[in-house]
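Dropping structure_35.txt in here (compact mmCIF, C-alpha atoms and all ligand atoms):
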```txt
# COMPACT_ATOMS: atom_id res chain seq x y z
CA MET V 1 65.48 126.56 12.67
CA ALA V 2 61.99 127.75 13.42
CA LEU V 3 59.44 125.26 14.59
CA GLN V 4 57.35 123.82 11.74
CA LEU V 5 53.60 123.64 12.27
CA LYS V 6 51.91 120.59 10.77
CA ASN V 7 49.46 121.14 7.91
CA PRO V 8 46.20 119.15 7.61
CA GLU V 9 47.76 116.42 5.46
CA GLU V 10 50.62 115.99 7.91
CA ILE V 11 48.20 115.94 10.84
CA GLU V 12 46.25 113.13 9.18
CA LYS V 13 49.48 111.12 8.92
CA MET V 14 50.34 111.89 12.54
CA ARG V 15 46.89 110.59 13.55
CA LEU V 16 47.57 107.31 11.79
CA ALA V 17 51.08 106.88 13.26
CA GLY V 18 49.75 107.77 16.70
CA ARG V 19 46.90 105.30 16.54
CA LEU V 20 49.26 102.55 15.39
CA ALA V 21 51.60 103.22 18.34
CA ALA V 22 48.64 102.95 20.71
CA GLU V 23 47.40 99.77 19.03
CA LEU V 24 50.85 98.25 19.43
CA LEU V 25 50.59 98.88 23.18
CA ASP V 26 47.12 97.28 23.13
CA TYR V 27 48.58 94.27 21.32
CA VAL V 28 51.41 93.66 23.80
CA THR V 29 49.32 94.22 26.94
CA PRO V 30 48.16 90.60 27.50
CA TYR V 31 51.77 89.37 27.25
CA VAL V 32 53.00 91.58 30.11
CA ARG V 33 52.85 88.90 32.81
CA ALA V 34 55.10 87.21 35.35
CA GLY V 35 57.56 84.89 33.61
CA VAL V 36 57.88 86.74 30.30
CA THR V 37 61.24 88.28 29.38
CA THR V 38 61.50 91.86 28.22
CA GLY V 39 63.26 90.48 25.13
CA LYS V 40 60.19 88.41 24.27
CA LEU V 41 58.01 91.55 24.55
CA ASN V 42 60.41 93.28 22.17
CA ASP V 43 60.28 90.43 19.67
CA LEU V 44 56.47 90.30 19.77
CA CYS V 45 56.26 94.06 19.20
CA HIS V 46 58.86 94.01 16.44
CA ALA V 47 57.00 91.30 14.53
CA TYR V 48 53.65 93.08 15.00
CA MET V 49 55.07 96.36 13.70
CA VAL V 50 56.81 94.94 10.67
CA GLU V 51 54.43 92.13 9.71
CA GLU V 52 50.99 93.31 10.84
CA GLN V 53 51.14 97.11 10.83
CA GLY V 54 53.67 97.83 8.13
CA THR V 55 55.35 100.25 10.52
CA THR V 56 59.04 100.79 11.23
CA PRO V 57 60.27 100.66 14.84
CA ALA V 58 61.87 104.08 15.34
CA PRO V 59 64.09 103.03 18.29
CA LEU V 60 65.94 100.29 16.37
CA ASN V 61 69.41 101.65 15.52
CA TYR V 62 68.37 105.14 16.64
CA ALA V 63 71.61 107.00 17.40
CA PRO V 64 71.33 110.60 18.54
CA PRO V 65 74.64 112.49 18.90
CA GLY V 66 76.73 110.96 21.71
CA TYR V 67 74.80 107.67 21.78
CA LYS V 68 75.55 104.32 20.23
CA PRO V 69 72.76 102.87 18.10
CA TYR V 70 69.85 101.64 20.23
CA PRO V 71 69.80 97.85 19.73
CA LYS V 72 66.09 97.00 20.10
CA SER V 73 62.65 98.01 18.78
CA ILE V 74 60.97 99.11 22.03
CA CYS V 75 62.06 100.33 25.48
CA THR V 76 61.18 98.33 28.61
CA SER V 77 61.98 100.06 31.90
CA VAL V 78 61.39 98.02 35.07
CA ASN V 79 61.04 99.30 38.68
CA HIS V 80 63.94 101.71 39.34
CA GLN V 81 64.72 102.00 35.63
CA VAL V 82 63.54 105.45 34.55
CA CYS V 83 63.58 105.11 30.75
CA HIS V 84 65.35 103.61 27.73
CA GLY V 85 65.62 100.15 29.32
CA ILE V 86 66.94 97.72 26.72
CA PRO V 87 64.86 94.55 26.37
CA GLY V 88 66.78 91.34 27.07
CA ASP V 89 66.87 88.27 29.32
CA ARG V 90 65.25 89.90 32.34
CA VAL V 91 62.23 87.90 33.51
CA LEU V 92 59.28 89.93 34.82
CA LYS V 93 58.05 88.89 38.25
CA ALA V 94 54.99 89.66 40.37
CA GLY V 95 55.16 93.12 41.91
CA ASP V 96 57.25 94.66 39.11
CA ILE V 97 56.12 97.90 37.52
CA VAL V 98 57.10 98.18 33.86
CA ASN V 99 57.03 100.98 31.33
CA ILE V 100 56.74 99.97 27.69
CA ASP V 101 57.61 102.81 25.33
CA VAL V 102 56.93 102.35 21.62
CA THR V 103 57.54 104.62 18.65
CA VAL V 104 56.38 103.63 15.18
CA ILE V 105 57.01 105.28 11.83
CA LYS V 106 54.21 105.14 9.26
CA ASP V 107 54.32 106.98 5.93
CA GLY V 108 57.25 109.08 7.20
CA PHE V 109 55.62 110.19 10.47
CA HIS V 110 56.24 109.15 14.07
CA GLY V 111 53.80 108.12 16.81
CA ASP V 112 55.28 107.84 20.32
CA SER V 113 53.49 106.52 23.41
CA SER V 114 54.21 104.63 26.59
CA ARG V 115 52.15 103.04 29.33
CA MET V 116 52.84 101.50 32.72
CA PHE V 117 51.97 97.91 33.56
CA HIS V 118 51.69 96.10 36.87
CA VAL V 119 52.95 92.53 36.89
CA GLY V 120 50.78 90.58 39.35
CA GLU V 121 49.75 92.52 42.44
CA PRO V 122 51.48 95.89 42.82
CA SER V 123 52.93 97.20 46.06
CA ILE V 124 51.03 100.08 47.62
CA GLN V 125 53.81 102.48 46.64
CA GLY V 126 54.06 101.07 43.11
CA ARG V 127 50.34 101.45 42.54
CA ARG V 128 50.31 105.00 43.87
CA LEU V 129 53.37 106.10 41.87
CA VAL V 130 51.90 104.74 38.63
CA GLU V 131 48.55 106.41 39.36
CA VAL V 132 50.03 109.79 40.29
CA THR V 133 52.33 109.74 37.24
CA TYR V 134 49.28 109.12 35.02
CA GLU V 135 47.55 112.09 36.65
CA CYS V 136 50.70 114.16 36.08
CA MET V 137 50.66 113.41 32.35
CA TRP V 138 46.98 114.34 32.19
CA ARG V 139 47.44 117.56 34.16
CA GLY V 140 50.08 118.51 31.60
CA ILE V 141 47.84 117.57 28.67
CA ARG V 142 44.93 119.61 30.05
CA GLU V 143 47.07 122.77 29.91
CA VAL V 144 47.47 122.42 26.13
CA ARG V 145 45.63 125.06 24.10
CA PRO V 146 46.60 127.95 21.80
CA GLY V 147 48.15 130.77 23.81
CA ALA V 148 49.12 128.56 26.75
CA GLN V 149 52.84 128.28 27.44
CA LEU V 150 55.09 125.27 27.88
CA GLY V 151 55.83 126.42 31.43
CA ASP V 152 52.12 125.90 32.22
CA VAL V 153 52.47 122.25 31.20
CA GLY V 154 55.66 121.71 33.21
CA SER V 155 54.35 123.51 36.26
CA ALA V 156 51.12 121.49 36.37
CA ILE V 157 53.10 118.24 36.24
CA GLN V 158 55.68 119.28 38.82
CA MET V 159 53.12 120.60 41.31
CA HIS V 160 51.11 117.39 41.24
CA ALA V 161 54.16 115.11 41.57
CA GLU V 162 55.65 117.10 44.43
CA GLN V 163 52.30 117.39 46.22
CA HIS V 164 52.46 113.61 46.56
CA GLY V 165 56.06 113.58 47.78
CA PHE V 166 57.40 112.37 44.43
CA SER V 167 60.03 114.05 42.23
CA VAL V 168 60.35 114.96 38.54
CA VAL V 169 63.29 113.72 36.47
CA ARG V 170 64.95 116.77 34.91
CA GLU V 171 67.34 115.31 32.33
CA PHE V 172 64.72 113.98 29.90
CA CYS V 173 61.71 115.75 28.51
CA GLY V 174 58.87 115.57 26.04
CA HIS V 175 59.61 116.68 22.50
CA GLY V 176 58.21 117.89 19.23
CA ILE V 177 57.57 114.98 16.88
CA GLY V 178 56.70 114.52 13.22
CA ARG V 179 58.93 113.45 10.36
CA LYS V 180 61.66 113.34 12.98
CA PHE V 181 61.54 111.31 16.23
CA HIS V 182 62.74 114.23 18.35
CA GLU V 183 61.99 117.75 17.10
CA ASP V 184 61.70 121.14 18.76
CA PRO V 185 60.35 122.15 21.19
CA GLN V 186 61.63 120.52 24.36
CA VAL V 187 58.69 119.94 26.70
CA LEU V 188 60.00 120.10 30.26
CA HIS V 189 58.02 118.35 32.98
CA TYR V 190 58.77 121.06 35.52
CA GLY V 191 58.80 124.85 35.37
CA ARG V 192 56.88 128.01 36.05
CA ARG V 193 53.46 129.06 34.83
CA GLY V 194 53.57 131.95 32.35
CA THR V 195 57.02 131.06 30.99
CA GLY V 196 58.25 129.28 27.90
CA MET V 197 57.12 128.89 24.31
CA LYS V 198 53.55 129.85 23.42
CA LEU V 199 51.49 127.04 21.93
CA GLU V 200 49.92 127.35 18.48
CA PRO V 201 47.50 125.16 16.52
CA GLY V 202 49.38 122.60 14.42
CA MET V 203 52.14 121.89 16.94
CA THR V 204 52.65 118.20 17.73
CA PHE V 205 54.67 117.10 20.74
CA THR V 206 54.85 114.47 23.43
CA ILE V 207 54.17 114.81 27.14
CA GLU V 208 55.99 112.02 28.97
CA PRO V 209 56.76 112.76 32.61
CA MET V 210 59.22 110.51 34.45
CA ILE V 211 58.36 110.61 38.15
CA ASN V 212 60.48 109.07 40.93
CA ALA V 213 59.24 107.85 44.30
CA GLY V 214 62.48 109.13 45.83
CA LYS V 215 64.99 111.76 44.76
CA PRO V 216 65.12 113.10 41.20
CA ALA V 217 68.75 112.16 40.50
CA ILE V 218 69.44 109.58 37.81
CA ARG V 219 72.40 107.79 36.30
CA GLU V 220 73.08 105.96 33.05
CA LEU V 221 74.09 102.29 33.06
CA ALA V 222 77.19 100.99 31.27
CA ASP V 223 75.03 99.83 28.34
CA GLY V 224 74.98 103.49 27.31
CA TRP V 225 71.17 103.71 27.33
CA THR V 226 69.37 102.48 30.44
CA ILE V 227 68.61 105.28 32.91
CA VAL V 228 68.03 104.38 36.58
CA THR V 229 67.29 106.34 39.73
CA LYS V 230 70.47 107.03 41.70
CA ASP V 231 68.77 106.13 44.99
CA HIS V 232 67.19 102.99 43.45
CA SER V 233 63.69 104.30 44.18
CA LEU V 234 60.85 103.27 41.86
CA SER V 235 60.20 105.38 38.76
CA ALA V 236 57.17 105.60 36.48
CA GLN V 237 56.35 107.22 33.12
CA TRP V 238 53.39 107.64 30.79
CA GLU V 239 53.52 109.21 27.33
CA HIS V 240 51.07 110.54 24.76
CA THR V 241 51.68 112.39 21.51
CA VAL V 242 49.36 115.42 21.34
CA LEU V 243 48.30 117.98 18.73
CA VAL V 244 47.48 121.59 19.59
CA THR V 245 44.05 122.29 18.04
CA SER V 246 42.20 125.60 17.53
CA ASP V 247 40.63 125.33 20.99
CA GLY V 248 42.68 122.82 22.97
CA TYR V 249 44.34 119.50 22.30
CA GLU V 250 43.83 116.23 20.50
CA ILE V 251 45.55 113.08 21.75
CA LEU V 252 47.03 111.35 18.72
CA THR V 253 48.12 108.13 20.45
CA GLN V 254 44.63 106.72 21.07
CA SER V 255 43.20 103.28 20.51
CA ALA V 256 40.49 100.99 21.87
CA GLY V 257 42.76 100.05 24.80
CA THR V 258 43.85 103.54 25.83
CA PRO V 259 43.20 103.89 29.57
CA PRO V 260 40.47 106.47 30.35
CA PRO V 261 41.48 109.89 31.67
CA PRO V 262 41.70 110.13 35.47
CA SER V 263 38.54 111.37 37.19
N1 LIG V 301 60.52 106.72 23.00
C1 LIG V 301 61.45 107.52 23.74
C2 LIG V 301 60.83 108.88 23.86
O1 LIG V 301 59.73 108.94 24.32
C3 LIG V 301 62.79 107.59 23.11
C4 LIG V 301 63.49 106.31 23.07
S1 LIG V 301 64.97 106.49 22.25
C5 LIG V 301 65.50 104.92 22.15
O2 LIG V 301 61.31 109.90 23.47
F1 LIG V 301 66.47 104.92 21.30
F2 LIG V 301 65.85 104.52 23.37
F3 LIG V 301 64.52 104.16 21.73
CO CO V 302 58.87 110.58 23.40
CO CO V 303 58.49 107.32 23.87
```
Please go through the file and, once you have read it, give me the structure as structure tokens.
Ligand code: MF3
Ligand code: CO
Ligand code: CO
Amino acid sequence: MALQLKNPEEIEKMRLAGRLAAELLDYVTPYVRAGVTTGKLNDLCHAYMVEEQGTTPAPLNYAPPGYKPYPKSICTSVNHQVCHGIPGDRVLKAGDIVNIDVTVIKDGFHGDSSRMFHVGEPSIQGRRLVEVTYECMWRGIREVRPGAQLGDVGSAIQMHAEQHGFSVVREFCGHGIGRKFHEDPQVLHYGRRGTGMKLEPGMTFTIEPMINAGKPAIRELADGWTIVTKDHSLSAQWEHTVLVTSDGYEILTQSAGTPPPPS
């Protein structure tokens, strides 16, 4: 099926869903501290979505082909966990790096965003990995404009990660998003400039690089969801949902607490 461009009404709804996803991350931020469990962060987010925002948590019971239903409302991925960490009894401790990935549905449309958090004082490597991964996401975003190609996005991300001695996870990618959580196209976080799908105004997709401090290889835990680095090295991820505009991009997952772009 050909890729559907969003019309102005749909874009307005994507803006709302995106802002609500970002505001949910703002809301949970002060709770991300040593001593809290990832399950508590999930419960706080779930209640905020359902009771305050009137949004639906897209992850809850999400079951793509080959997966069992995801059991929680957000993803919390700690240290060497790459993505899709299932919230539970784990207690956050000083020095942890944590990704919180939220996806809300509002009026039929999805907003998907994740941020990294330091618990207490980060290690030098943890701080650097989180910083470089943020720059990677932004280098990808800054490639977005009509006529650019998806390979330009992937290449910009890969070059920056590898320049710092880090590696790009290959098995998971950004994705088109709209009425469905995961739509075409696939947005790879590696690749070659001048290759891949050409971007057009009205496309909405995520850019969400997963960057490892060590080797790129990953494995899935027995819970059927949590992805970890094979070599147990630290991993980081940031995610925005973006719209291709007539002359560039618009970040849809923005709120008062969105961290500023890197200098
Ligand atoms: N939010 C993730 C993404 O960025 C997907 C999580 S799927 C889940 O695409 F089921 F684990 F929630
Ligand atoms: Co996503
Ligand atoms: Co996400």
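Non-sequential neighbours of segment 173-176 of chain V (distance at most 8 Å, separation of 5 or more positions within a chain, all atoms listed in the file) are Phe181, His182, Glu183, Asp184, Pro185, Gln186, Val187, Leu188, His189, Met203, Thr204, Phe205, Thr206, Ile207, Glu208 and Pro209 of chain V.
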Those residues with C-alpha atoms, as a CSV table (one decimal), in the coordinates of the input please?
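The resulting file, selection_17.csv, is shown below:
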```
chain,number,residue,atom,x,y,z
V,181,PHE,CA,61.5,111.3,16.2
V,182,HIS,CA,62.7,114.2,18.4
V,183,GLU,CA,62.0,117.8,17.1
V,184,ASP,CA,61.7,121.1,18.8
V,185,PRO,CA,60.4,122.2,21.2
V,186,GLN,CA,61.6,120.5,24.4
V,187,VAL,CA,58.7,119.9,26.7
V,188,LEU,CA,60.0,120.1,30.3
V,189,HIS,CA,58.0,118.4,33.0
V,203,MET,CA,52.1,121.9,16.9
V,204,THR,CA,52.6,118.2,17.7
V,205,PHE,CA,54.7,117.1,20.7
V,206,THR,CA,54.8,114.5,23.4
V,207,ILE,CA,54.2,114.8,27.1
V,208,GLU,CA,56.0,112.0,29.0
V,209,PRO,CA,56.8,112.8,32.6
```
Residue neighbourhood Pro57 of chain V, 12 Å, all atoms listed in the file, exclusion window fewer than 2 positions, as a PyMOL selection string: chain V and resi 17+20-21+24+42-43+45-51+53-55+59-62+70-75+101-106+108-112+181
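Checking V:Met210, V:Val32, V:Val91, V:Val144 one by one against ligand LIG 301 (chain V), counting only C-alpha atoms and all ligand atoms, you find the shortest gap at V:Met210.
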Name the closest residue to ligand CO 303 (chain V) among the candidates V:Leu16, V:His164, V:Glu121, V:Cys83; distances are taken between atoms, counting all atoms listed in the file. V:Cys83
Considering all atoms listed in the file, state which residue in the set V:Met159, V:Phe166, V:Gly214, V:Gly257 is at the smallest distance from Pro30 of chain V. V:Gly257
Pairwise distance for atom CA of Phe117 of chain V and atom CA of Pro87 of chain V, rounded to one decimal in Å: 15.1 Å
Check the smallest atom-to-atom distance from each of V:Thr258, V:Ser167, V:Gln149, V:Gln237 to ligand CO 302 (chain V) using only C-alpha atoms and all ligand atoms, then report the winner. V:Gln237
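If you measure from each of V:Thr29, V:Asp247, V:Ile11, V:His84 to ligand CO 303 (chain V) using all atoms listed in the file, the closest one turns out to be V:His84.
Using only C-alpha atoms and all ligand atoms, the nearest neighbour of ligand LIG 301 (chain V) within the list V:Ala63, V:Val168, V:Leu199, V:Cys136 is V:Ala63.
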Excluding Thr195 of chain V and residues on its chain fewer than 6 positions from it, collect all residues at most 8 Å away from it, counting all atoms listed in the file, and give them as an MDAnalysis selection string. chainID V and resid 149:152
Set the distance at 6 Å and use only C-alpha atoms: which residues neighbour Ser77 of chain V once local chain neighbours fewer than 6 positions away are removed? I'd like the list as a PyMOL selection string. chain V and resi 83+85+98-99
Spatial neighbours of segment 251-254 of chain V, max dist 6 Å, only C-alpha atoms, sep filter under 4 positions, as a PyMOL selection string: chain V and resi 15+18-19+22+240-242+258
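Atom to atom, atom CA of Ile141 of chain V and atom CA of Gly196 of chain V stand 15.7 Å apart.
Across the structure, atom CA of Gly202 of chain V and atom CA of Ile100 of chain V are spaced 27.2 Å apart.
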Kindly write all heavy atoms of segment 113-124 of chain V from the structure just given to a file, as a PDB file, in the first residue's frame.
```pdb
ATOM      1  N   SER V 113       7.240   9.635  21.602  1.00  0.00           N
ATOM      2  CA  SER V 113       8.476  10.351  21.942  1.00  0.00           C
ATOM      3  C   SER V 113       9.162   9.664  23.109  1.00  0.00           C
ATOM      4  O   SER V 113       8.510   9.060  23.959  1.00  0.00           O
ATOM      5  CB  SER V 113       8.155  11.791  22.324  1.00  0.00           C
ATOM      6  OG  SER V 113       9.347  12.538  22.536  1.00  0.00           O
ATOM      7  N   SER V 114      10.480   9.754  23.127  1.00  0.00           N
ATOM      8  CA  SER V 114      11.209   9.260  24.297  1.00  0.00           C
ATOM      9  C   SER V 114      12.360  10.189  24.626  1.00  0.00           C
ATOM     10  O   SER V 114      12.873  10.911  23.765  1.00  0.00           O
ATOM     11  CB  SER V 114      11.695   7.823  24.085  1.00  0.00           C
ATOM     12  OG  SER V 114      12.887   7.774  23.335  1.00  0.00           O
ATOM     13  N   ARG V 115      12.707  10.188  25.902  1.00  0.00           N
ATOM     14  CA  ARG V 115      13.849  10.978  26.386  1.00  0.00           C
ATOM     15  C   ARG V 115      14.702  10.105  27.290  1.00  0.00           C
ATOM     16  O   ARG V 115      14.218   9.127  27.857  1.00  0.00           O
ATOM     17  CB  ARG V 115      13.368  12.185  27.213  1.00  0.00           C
ATOM     18  CG  ARG V 115      12.547  13.192  26.438  1.00  0.00           C
ATOM     19  CD  ARG V 115      12.130  14.364  27.346  1.00  0.00           C
ATOM     20  NE  ARG V 115      11.076  15.145  26.683  1.00  0.00           N
ATOM     21  CZ  ARG V 115      10.230  15.951  27.315  1.00  0.00           C
ATOM     22  NH1 ARG V 115      10.325  16.108  28.630  1.00  0.00           N
ATOM     23  NH2 ARG V 115       9.293  16.609  26.636  1.00  0.00           N
ATOM     24  N   MET V 116      15.941  10.532  27.468  1.00  0.00           N
ATOM     25  CA  MET V 116      16.852   9.891  28.420  1.00  0.00           C
ATOM     26  C   MET V 116      16.878  10.696  29.715  1.00  0.00           C
ATOM     27  O   MET V 116      16.768  11.931  29.707  1.00  0.00           O
ATOM     28  CB  MET V 116      18.273   9.830  27.858  1.00  0.00           C
ATOM     29  CG  MET V 116      18.465   8.913  26.671  1.00  0.00           C
ATOM     30  SD  MET V 116      18.084   7.175  26.954  1.00  0.00           S
ATOM     31  CE  MET V 116      19.275   6.739  28.232  1.00  0.00           C
ATOM     32  N   PHE V 117      17.081   9.974  30.809  1.00  0.00           N
ATOM     33  CA  PHE V 117      17.177  10.594  32.129  1.00  0.00           C
ATOM     34  C   PHE V 117      18.403  10.042  32.852  1.00  0.00           C
ATOM     35  O   PHE V 117      18.697   8.856  32.753  1.00  0.00           O
ATOM     36  CB  PHE V 117      15.931  10.274  32.962  1.00  0.00           C
ATOM     37  CG  PHE V 117      14.667  10.798  32.350  1.00  0.00           C
ATOM     38  CD1 PHE V 117      13.981  10.062  31.385  1.00  0.00           C
ATOM     39  CD2 PHE V 117      14.178  12.041  32.712  1.00  0.00           C
ATOM     40  CE1 PHE V 117      12.814  10.558  30.810  1.00  0.00           C
ATOM     41  CE2 PHE V 117      13.015  12.542  32.143  1.00  0.00           C
ATOM     42  CZ  PHE V 117      12.333  11.801  31.187  1.00  0.00           C
ATOM     43  N   HIS V 118      19.091  10.922  33.571  1.00  0.00           N
ATOM     44  CA  HIS V 118      20.154  10.483  34.466  1.00  0.00           C
ATOM     45  C   HIS V 118      19.568  10.385  35.865  1.00  0.00           C
ATOM     46  O   HIS V 118      18.897  11.313  36.322  1.00  0.00           O
ATOM     47  CB  HIS V 118      21.294  11.506  34.488  1.00  0.00           C
ATOM     48  CG  HIS V 118      22.047  11.588  33.200  1.00  0.00           C
ATOM     49  ND1 HIS V 118      22.829  10.553  32.733  1.00  0.00           N
ATOM     50  CD2 HIS V 118      22.135  12.570  32.274  1.00  0.00           C
ATOM     51  CE1 HIS V 118      23.380  10.910  31.595  1.00  0.00           C
ATOM     52  NE2 HIS V 118      22.975  12.127  31.273  1.00  0.00           N
ATOM     53  N   VAL V 119      19.840   9.290  36.537  1.00  0.00           N
ATOM     54  CA  VAL V 119      19.448   9.160  37.941  1.00  0.00           C
ATOM     55  C   VAL V 119      20.685   9.522  38.753  1.00  0.00           C
ATOM     56  O   VAL V 119      21.731   8.885  38.605  1.00  0.00           O
ATOM     57  CB  VAL V 119      18.990   7.726  38.252  1.00  0.00           C
ATOM     58  CG1 VAL V 119      18.561   7.614  39.707  1.00  0.00           C
ATOM     59  CG2 VAL V 119      17.865   7.302  37.306  1.00  0.00           C
ATOM     60  N   GLY V 120      20.592  10.553  39.595  1.00  0.00           N
ATOM     61  CA  GLY V 120      21.765  11.008  40.338  1.00  0.00           C
ATOM     62  C   GLY V 120      22.849  11.478  39.379  1.00  0.00           C
ATOM     63  O   GLY V 120      22.559  11.996  38.298  1.00  0.00           O
ATOM     64  N   GLU V 121      24.088  11.293  39.783  1.00  0.00           N
ATOM     65  CA  GLU V 121      25.225  11.741  38.963  1.00  0.00           C
ATOM     66  C   GLU V 121      25.582  10.678  37.925  1.00  0.00           C
ATOM     67  O   GLU V 121      25.821   9.520  38.272  1.00  0.00           O
ATOM     68  CB  GLU V 121      26.447  11.969  39.862  1.00  0.00           C
ATOM     69  CG  GLU V 121      26.538  13.370  40.424  1.00  0.00           C
ATOM     70  CD  GLU V 121      26.562  14.437  39.342  1.00  0.00           C
ATOM     71  OE1 GLU V 121      27.526  14.476  38.541  1.00  0.00           O
ATOM     72  OE2 GLU V 121      25.598  15.231  39.283  1.00  0.00           O
ATOM     73  N   PRO V 122      25.622  11.032  36.658  1.00  0.00           N
ATOM     74  CA  PRO V 122      25.977  10.047  35.637  1.00  0.00           C
ATOM     75  C   PRO V 122      27.475   9.741  35.620  1.00  0.00           C
ATOM     76  O   PRO V 122      28.281  10.568  36.040  1.00  0.00           O
ATOM     77  CB  PRO V 122      25.568  10.728  34.338  1.00  0.00           C
ATOM     78  CG  PRO V 122      25.628  12.180  34.626  1.00  0.00           C
ATOM     79  CD  PRO V 122      25.306  12.350  36.085  1.00  0.00           C
ATOM     80  N   SER V 123      27.815   8.572  35.111  1.00  0.00           N
ATOM     81  CA  SER V 123      29.221   8.276  34.813  1.00  0.00           C
ATOM     82  C   SER V 123      29.633   9.131  33.619  1.00  0.00           C
ATOM     83  O   SER V 123      28.783   9.641  32.879  1.00  0.00           O
ATOM     84  CB  SER V 123      29.384   6.792  34.465  1.00  0.00           C
ATOM     85  OG  SER V 123      28.737   6.514  33.234  1.00  0.00           O
ATOM     86  N   ILE V 124      30.936   9.281  33.435  1.00  0.00           N
ATOM     87  CA  ILE V 124      31.420  10.063  32.293  1.00  0.00           C
ATOM     88  C   ILE V 124      30.940   9.439  30.990  1.00  0.00           C
ATOM     89  O   ILE V 124      30.444  10.123  30.094  1.00  0.00           O
ATOM     90  CB  ILE V 124      32.962  10.174  32.340  1.00  0.00           C
ATOM     91  CG1 ILE V 124      33.347  11.120  33.492  1.00  0.00           C
ATOM     92  CG2 ILE V 124      33.529  10.686  31.014  1.00  0.00           C
ATOM     93  CD1 ILE V 124      34.809  11.118  33.846  1.00  0.00           C
TER      94      ILE V 124
END
```
